[in-house]
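Next up, data.json (JSON, C-alpha atoms (C1' of nucleotides)):
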```json
[["chain", "number", "residue", "atom", "x", "y", "z"],
["A", 293, "MET", "CA", 72.48, 21.78, -56.35],
["A", 294, "LYS", "CA", 73.77, 24.90, -54.74],
["A", 295, "ASN", "CA", 77.10, 24.92, -52.97],
["A", 296, "ASN", "CA", 77.30, 25.04, -49.23],
["A", 297, "TYR", "CA", 79.12, 27.79, -47.41],
["A", 298, "TRP", "CA", 81.40, 27.46, -44.42],
["A", 299, "LEU", "CA", 83.52, 29.38, -42.01],
["A", 300, "LEU", "CA", 86.94, 28.16, -40.95],
["A", 301, "LYS", "CA", 88.63, 29.59, -37.93],
["A", 302, "SER", "CA", 92.34, 29.81, -37.32],
["A", 303, "GLU", "CA", 94.63, 31.55, -34.90],
["A", 304, "PRO", "CA", 97.06, 33.63, -36.96],
["A", 305, "SER", "CA", 99.89, 32.51, -34.69],
["A", 306, "THR", "CA", 99.20, 28.93, -35.75],
["A", 307, "TRP", "CA", 98.14, 29.38, -39.34],
["A", 308, "SER", "CA", 97.46, 32.80, -40.84],
["A", 309, "TRP", "CA", 95.80, 34.06, -43.99],
["A", 310, "ASP", "CA", 99.21, 35.26, -45.19],
["A", 311, "GLN", "CA", 100.57, 31.74, -45.00],
["A", 312, "MET", "CA", 97.41, 30.47, -46.59],
["A", 313, "GLN", "CA", 97.87, 32.78, -49.57],
["A", 314, "GLN", "CA", 101.54, 32.03, -49.97],
["A", 315, "LYS", "CA", 101.07, 28.32, -49.95],
["A", 316, "LYS", "CA", 97.79, 28.55, -51.92],
["A", 317, "THR", "CA", 96.53, 25.22, -50.67],
["A", 318, "THR", "CA", 96.68, 23.51, -47.33],
["A", 319, "CYS", "CA", 95.53, 20.48, -45.48],
["A", 320, "TRP", "CA", 92.98, 21.52, -42.86],
["A", 321, "ASP", "CA", 93.94, 19.00, -40.22],
["A", 322, "GLY", "CA", 94.22, 18.91, -36.46],
["A", 323, "VAL", "CA", 90.53, 19.50, -35.83],
["A", 324, "ARG", "CA", 89.65, 17.56, -32.67],
["A", 325, "ASN", "CA", 86.09, 18.62, -32.11],
["A", 326, "PHE", "CA", 83.28, 16.30, -33.11],
["A", 327, "GLN", "CA", 80.88, 19.00, -34.14],
["A", 328, "ALA", "CA", 83.48, 20.64, -36.35],
["A", 329, "GLN", "CA", 84.39, 17.22, -37.73],
["A", 330, "LYS", "CA", 80.80, 16.57, -38.65],
["A", 331, "PHE", "CA", 80.67, 19.77, -40.67],
["A", 332, "MET", "CA", 83.95, 19.00, -42.40],
["A", 333, "ASN", "CA", 82.54, 15.65, -43.35],
["A", 334, "GLN", "CA", 79.69, 17.44, -45.12],
["A", 335, "MET", "CA", 81.97, 19.63, -47.21],
["A", 336, "LYS", "CA", 81.91, 19.07, -50.93],
["A", 337, "LYS", "CA", 84.62, 19.82, -53.43],
["A", 338, "GLY", "CA", 84.06, 23.36, -54.69],
["A", 339, "ASP", "CA", 82.30, 24.62, -51.55],
["A", 340, "LEU", "CA", 83.42, 28.06, -50.47],
["A", 341, "GLY", "CA", 84.28, 29.22, -46.98],
["A", 342, "PHE", "CA", 85.29, 32.30, -45.04],
["A", 343, "PHE", "CA", 88.69, 32.37, -43.34],
["A", 344, "TYR", "CA", 88.48, 33.88, -39.87],
["A", 345, "HIS", "CA", 91.31, 35.03, -37.63],
["A", 346, "SER", "CA", 90.54, 34.31, -34.00],
["A", 347, "ASN", "CA", 92.22, 35.99, -31.03],
["A", 348, "ILE", "CA", 94.37, 38.29, -33.12],
["A", 349, "GLY", "CA", 92.38, 40.42, -35.52],
["A", 350, "LYS", "CA", 89.06, 38.73, -34.89],
["A", 351, "GLU", "CA", 87.94, 39.27, -38.44],
["A", 352, "ILE", "CA", 87.10, 37.44, -41.62],
["A", 353, "VAL", "CA", 90.01, 38.06, -43.94],
["A", 354, "GLY", "CA", 89.34, 36.08, -47.08],
["A", 355, "VAL", "CA", 87.66, 33.30, -48.99],
["A", 356, "ILE", "CA", 88.78, 29.71, -49.41],
["A", 357, "LYS", "CA", 87.55, 26.79, -51.46],
["A", 358, "VAL", "CA", 87.32, 23.11, -50.60],
["A", 359, "ILE", "CA", 89.50, 21.16, -53.04],
["A", 360, "ARG", "CA", 89.55, 17.76, -51.39],
["A", 361, "GLU", "CA", 86.75, 16.17, -49.45],
["A", 362, "PHE", "CA", 86.95, 14.53, -46.04],
["A", 363, "TYR", "CA", 89.76, 11.99, -45.63],
["A", 364, "PRO", "CA", 91.62, 10.54, -42.63],
["A", 365, "ASP", "CA", 93.66, 13.17, -40.82],
["A", 366, "PRO", "CA", 97.37, 12.31, -41.30],
["A", 367, "THR", "CA", 98.19, 13.93, -37.96],
["A", 368, "ASP", "CA", 95.80, 11.69, -36.03],
["A", 369, "GLU", "CA", 97.13, 8.34, -34.80],
["A", 370, "THR", "CA", 93.81, 7.17, -33.45],
["A", 371, "GLY", "CA", 92.17, 7.25, -36.86],
["A", 372, "ARG", "CA", 89.10, 8.91, -35.42],
["A", 373, "PHE", "CA", 89.48, 12.26, -37.10],
["A", 374, "GLY", "CA", 89.50, 13.54, -40.65],
["A", 375, "ALA", "CA", 90.74, 16.50, -42.65],
["A", 376, "VAL", "CA", 89.95, 18.39, -45.84],
["A", 377, "ASP", "CA", 92.15, 20.33, -48.25],
["A", 378, "VAL", "CA", 91.41, 23.97, -48.96],
["A", 379, "GLU", "CA", 92.74, 26.59, -51.33],
["A", 380, "ALA", "CA", 93.02, 30.36, -50.86],
["A", 381, "ILE", "CA", 90.78, 32.16, -53.35],
["A", 382, "THR", "CA", 90.56, 35.87, -52.64],
["A", 383, "PRO", "CA", 91.45, 38.19, -49.80],
["A", 384, "PHE", "CA", 88.80, 40.62, -48.62],
["A", 385, "LYS", "CA", 89.36, 44.24, -49.56],
["A", 386, "THR", "CA", 87.97, 45.10, -46.16],
["A", 387, "PRO", "CA", 88.20, 42.45, -43.47],
["A", 388, "VAL", "CA", 84.89, 41.96, -41.72],
["A", 389, "SER", "CA", 85.44, 42.21, -37.99],
["A", 390, "LEU", "CA", 83.62, 40.37, -35.27],
["A", 391, "ALA", "CA", 82.55, 43.72, -33.86],
["A", 392, "ARG", "CA", 80.92, 44.58, -37.17],
["A", 393, "ILE", "CA", 79.18, 41.23, -37.39],
["A", 394, "LYS", "CA", 77.83, 41.76, -33.91],
["A", 395, "ALA", "CA", 76.70, 45.24, -34.83],
["A", 396, "THR", "CA", 74.73, 43.89, -37.80],
["A", 397, "PRO", "CA", 71.43, 42.36, -36.69],
["A", 398, "ALA", "CA", 71.02, 40.36, -39.91],
["A", 399, "LEU", "CA", 74.14, 38.42, -38.99],
["A", 400, "HIS", "CA", 73.16, 37.40, -35.51],
["A", 401, "ASN", "CA", 72.33, 33.87, -36.57],
["A", 402, "LEU", "CA", 75.93, 33.22, -37.46],
["A", 403, "LEU", "CA", 77.22, 30.44, -35.24],
["A", 404, "LEU", "CA", 80.41, 32.39, -34.74],
["A", 405, "ILE", "CA", 78.50, 34.60, -32.33],
["A", 406, "ARG", "CA", 76.31, 31.98, -30.75],
["A", 407, "GLN", "CA", 79.01, 29.37, -30.31],
["A", 408, "SER", "CA", 82.29, 31.18, -30.18],
["A", 409, "ARG", "CA", 84.41, 28.10, -29.62],
["A", 410, "LEU", "CA", 83.35, 26.18, -32.69],
["A", 411, "SER", "CA", 86.15, 26.21, -35.26],
["A", 412, "VAL", "CA", 84.33, 24.96, -38.34],
["A", 413, "MET", "CA", 80.75, 25.97, -39.01],
["A", 414, "PRO", "CA", 78.17, 26.28, -41.78],
["A", 415, "VAL", "CA", 77.12, 29.73, -43.02],
["A", 416, "GLU", "CA", 73.60, 30.39, -44.28],
["A", 417, "ASN", "CA", 73.31, 31.66, -47.83],
["A", 418, "GLU", "CA", 71.85, 35.04, -46.86],
["A", 419, "ILE", "CA", 74.59, 35.58, -44.31],
["A", 420, "TRP", "CA", 77.22, 34.59, -46.83],
["A", 421, "GLU", "CA", 75.91, 37.19, -49.28],
["A", 422, "ILE", "CA", 75.94, 39.98, -46.73],
["A", 423, "ILE", "CA", 79.41, 39.30, -45.39],
["A", 424, "TYR", "CA", 80.84, 38.68, -48.84],
["A", 425, "LYS", "CA", 79.53, 42.05, -49.97],
["A", 426, "MET", "CA", 80.93, 43.79, -46.90],
["A", 427, "GLY", "CA", 84.31, 42.22, -47.49],
["A", 428, "ASN", "CA", 84.52, 43.37, -51.07],
["A", 429, "GLU", "CA", 83.58, 46.96, -50.45],
["A", 430, "ALA", "CA", 86.60, 49.18, -50.40],
["B", 9, "DG", "C1'", 74.77, 6.38, -18.79],
["B", 10, "DC", "C1'", 75.51, 10.07, -15.61],
["B", 11, "DC", "C1'", 78.14, 13.69, -13.79],
["B", 12, "DA", "C1'", 82.14, 15.94, -11.69],
["B", 13, "DA", "C1'", 86.61, 17.34, -12.79],
["B", 14, "DC", "C1'", 89.51, 19.02, -15.89],
["B", 15, "DG", "C1'", 91.41, 21.25, -20.09],
["B", 16, "DT", "C1'", 90.95, 24.42, -23.88],
["B", 17, "DT", "C1'", 89.24, 28.15, -26.53],
["B", 18, "DG", "C1'", 88.49, 32.76, -27.43],
["B", 19, "DG", "C1'", 86.58, 37.37, -26.31],
["B", 20, "DC", "C1'", 87.49, 41.14, -23.51],
["C", 237, "DG", "C1'", 95.92, 37.83, -18.08],
["C", 238, "DC", "C1'", 91.39, 36.69, -16.72],
["C", 239, "DC", "C1'", 87.30, 34.34, -16.92],
["C", 240, "DA", "C1'", 83.11, 32.30, -18.98],
["C", 241, "DA", "C1'", 81.56, 28.77, -21.92],
["C", 242, "DC", "C1'", 81.90, 24.53, -23.53],
["C", 243, "DG", "C1'", 83.83, 19.86, -24.85],
["C", 244, "DT", "C1'", 86.06, 15.69, -23.23],
["C", 245, "DT", "C1'", 87.43, 12.30, -19.99],
["C", 246, "DG", "C1'", 87.06, 8.98, -16.55],
["C", 247, "DG", "C1'", 85.11, 7.06, -12.32],
["C", 248, "DC", "C1'", 81.20, 5.04, -10.57]]
```
Once you've parsed the file, please lay out its structure as structure tokens.
Amino acid sequence: MKNNYWLLKSEPSTWSWDQMQQKKTTCWDGVRNFQAQKFMNQMKKGDLGFFYHSNIGKEIVGVIKVIREFYPDPTDETGRFGAVDVEAITPFKTPVSLARIKATPALHNLLLIRQSRLSVMPVENEIWEIIYKMGNEA
DNA sequence: GCCAACGTTGGC
DNA sequence: GCCAACGTTGGC
């Protein structure tokens, strides 16, 4: 079965791609949105995801991989929420900006555009291919 | 179970 | 810094 693709959003002031690369792996916790939680729950070990900088940069800056599947979020006392662990794989040669995504009609189905507040979302295979290619062009 | 009020996110 | 969109909470 083919891997699923995802997009994870983070504010660089909270957790940036630089930190992600330095630390290599991190616990993706603190997500308090049920829709995002549902998607995290569907992540499988080995799934790949884009890492997006919101607010500052507003661009996809690299690729991460899921290394640990859904487990209870250590930062959540209520026990309602979960987390996953992810690992930095590769930075994009050319970050793919939100403006560019918006300017590309083939990418208009991306939930990033249609639901800007969602912080974890699935990415369709075709969209993954297009953005991945854009990111790796010099 | 509905809905108003409130808080938060994120693009501009 | 503003504002629109949306999710969550709590009263009924």
* Asked: In Å to one decimal, how far is CA of Ile381 in chain A from C1' of DG18 in chain B?
  ->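 Calculated distance between C1' of DG18 in chain B and CA of Ile381 in chain A is 26.0 Å.
If you take all atoms listed in the file and a cut-off of 10 Å, the residues of chain C that reach chain A are C:DA241, C:DC242, C:DG243, C:DT244.
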* Give me, please, the distance in Å between CA of Gln314 in chain A and CA of Ala380 in chain A, quoted to one decimal. => 8.7 Å
* **Neighbours of point (88.5, 7.4, -45.4) within 10 Å, using only C-alpha atoms (C1' of nucleotides), written as a ChimeraX atom specification** => /A:361-365,371,373-375
May I have the residues at most 6 Å from (91.5, 37.0, -45.4) in the file's coordinates, counting only C-alpha atoms (C1' of nucleotides), as a PDB file with C-alpha atoms, in the coordinates of the input?
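Result file is out-v3.pdb:
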```
ATOM      1  CA  TRP A 309      95.800  34.060 -43.990  1.00  0.00           C
ATOM      2  CA  PHE A 343      88.690  32.370 -43.340  1.00  0.00           C
ATOM      3  CA  ILE A 352      87.100  37.440 -41.620  1.00  0.00           C
ATOM      4  CA  VAL A 353      90.010  38.060 -43.940  1.00  0.00           C
ATOM      5  CA  GLY A 354      89.340  36.080 -47.080  1.00  0.00           C
ATOM      6  CA  PRO A 383      91.450  38.190 -49.800  1.00  0.00           C
ATOM      7  CA  PHE A 384      88.800  40.620 -48.620  1.00  0.00           C
TER       8      PHE A 384
END
```
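Picture a line from CA of Gln329 in chain A to CA of Ile422 in chain A; it runs 25.9 Å.
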* Asn347 in chain A surroundings by all atoms listed in the file, 9 Å radius, close-in-sequence under 6 positions cut, as a PyMOL selection string -> (chain A and resi 302-304) or (chain B and resi 18-19)
* Asked: Which residue, A:Tyr424, A:Ile356, A:Pro414, A:Lys301, has the smallest gap to DT17 in chain B when you use all atoms listed in the file?
  ->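 For DT17 in chain B, the nearest of the given residues is A:Lys301.
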Could you add N, CA, C and O atoms to range 392-410 of chain A and give me the result as a compact mmCIF listing (two decimals), keeping the file's coordinate frame?
```txt
# COMPACT_ATOMS: atom_id res chain seq x y z
N ARG A 392 81.85 44.15 -36.14
CA ARG A 392 80.92 44.58 -37.17
C ARG A 392 79.81 43.55 -37.36
O ARG A 392 78.65 43.89 -37.58
N ILE A 393 80.18 42.29 -37.28
CA ILE A 393 79.18 41.23 -37.39
C ILE A 393 78.18 41.35 -36.25
O ILE A 393 76.97 41.27 -36.44
N LYS A 394 78.71 41.61 -35.07
CA LYS A 394 77.83 41.76 -33.91
C LYS A 394 76.94 42.98 -34.02
O LYS A 394 75.83 43.00 -33.50
N ALA A 395 77.45 44.00 -34.70
CA ALA A 395 76.70 45.24 -34.83
C ALA A 395 75.67 45.16 -35.96
O ALA A 395 74.90 46.09 -36.17
N THR A 396 75.65 44.06 -36.69
CA THR A 396 74.73 43.89 -37.80
C THR A 396 73.67 42.85 -37.45
O THR A 396 73.95 41.65 -37.45
N PRO A 397 72.46 43.30 -37.15
CA PRO A 397 71.43 42.36 -36.69
C PRO A 397 71.17 41.20 -37.64
O PRO A 397 70.91 40.08 -37.18
N ALA A 398 71.29 41.42 -38.94
CA ALA A 398 71.02 40.36 -39.91
C ALA A 398 72.02 39.21 -39.79
O ALA A 398 71.78 38.12 -40.31
N LEU A 399 73.10 39.44 -39.10
CA LEU A 399 74.14 38.42 -38.99
C LEU A 399 74.14 37.70 -37.65
O LEU A 399 75.02 36.90 -37.36
N HIS A 400 73.14 37.97 -36.86
CA HIS A 400 73.16 37.40 -35.51
C HIS A 400 72.93 35.90 -35.43
O HIS A 400 73.14 35.29 -34.40
N ASN A 401 72.50 35.32 -36.55
CA ASN A 401 72.33 33.87 -36.57
C ASN A 401 73.63 33.13 -36.81
O ASN A 401 73.68 31.90 -36.70
N LEU A 402 74.65 33.86 -37.19
CA LEU A 402 75.93 33.22 -37.46
C LEU A 402 76.43 32.50 -36.21
O LEU A 402 76.49 33.07 -35.13
N LEU A 403 76.80 31.25 -36.38
CA LEU A 403 77.22 30.44 -35.24
C LEU A 403 78.47 31.00 -34.55
O LEU A 403 78.71 30.73 -33.39
N LEU A 404 79.21 31.77 -35.30
CA LEU A 404 80.41 32.39 -34.74
C LEU A 404 80.08 33.17 -33.47
O LEU A 404 80.84 33.19 -32.51
N ILE A 405 78.93 33.80 -33.48
CA ILE A 405 78.50 34.60 -32.33
C ILE A 405 77.90 33.72 -31.26
O ILE A 405 78.19 33.84 -30.08
N ARG A 406 77.06 32.78 -31.72
CA ARG A 406 76.31 31.98 -30.75
C ARG A 406 77.16 30.88 -30.12
O ARG A 406 76.88 30.42 -29.03
N GLN A 407 78.16 30.44 -30.85
CA GLN A 407 79.01 29.37 -30.31
C GLN A 407 80.46 29.71 -30.63
O GLN A 407 81.04 29.16 -31.57
N SER A 408 81.01 30.57 -29.82
CA SER A 408 82.29 31.18 -30.18
C SER A 408 83.44 30.17 -30.25
O SER A 408 84.46 30.45 -30.86
N ARG A 409 83.27 29.02 -29.64
CA ARG A 409 84.41 28.10 -29.62
C ARG A 409 84.46 27.14 -30.80
O ARG A 409 85.44 26.45 -31.00
N LEU A 410 83.39 27.08 -31.55
CA LEU A 410 83.35 26.18 -32.69
C LEU A 410 84.28 26.67 -33.79
O LEU A 410 84.25 27.82 -34.17
```
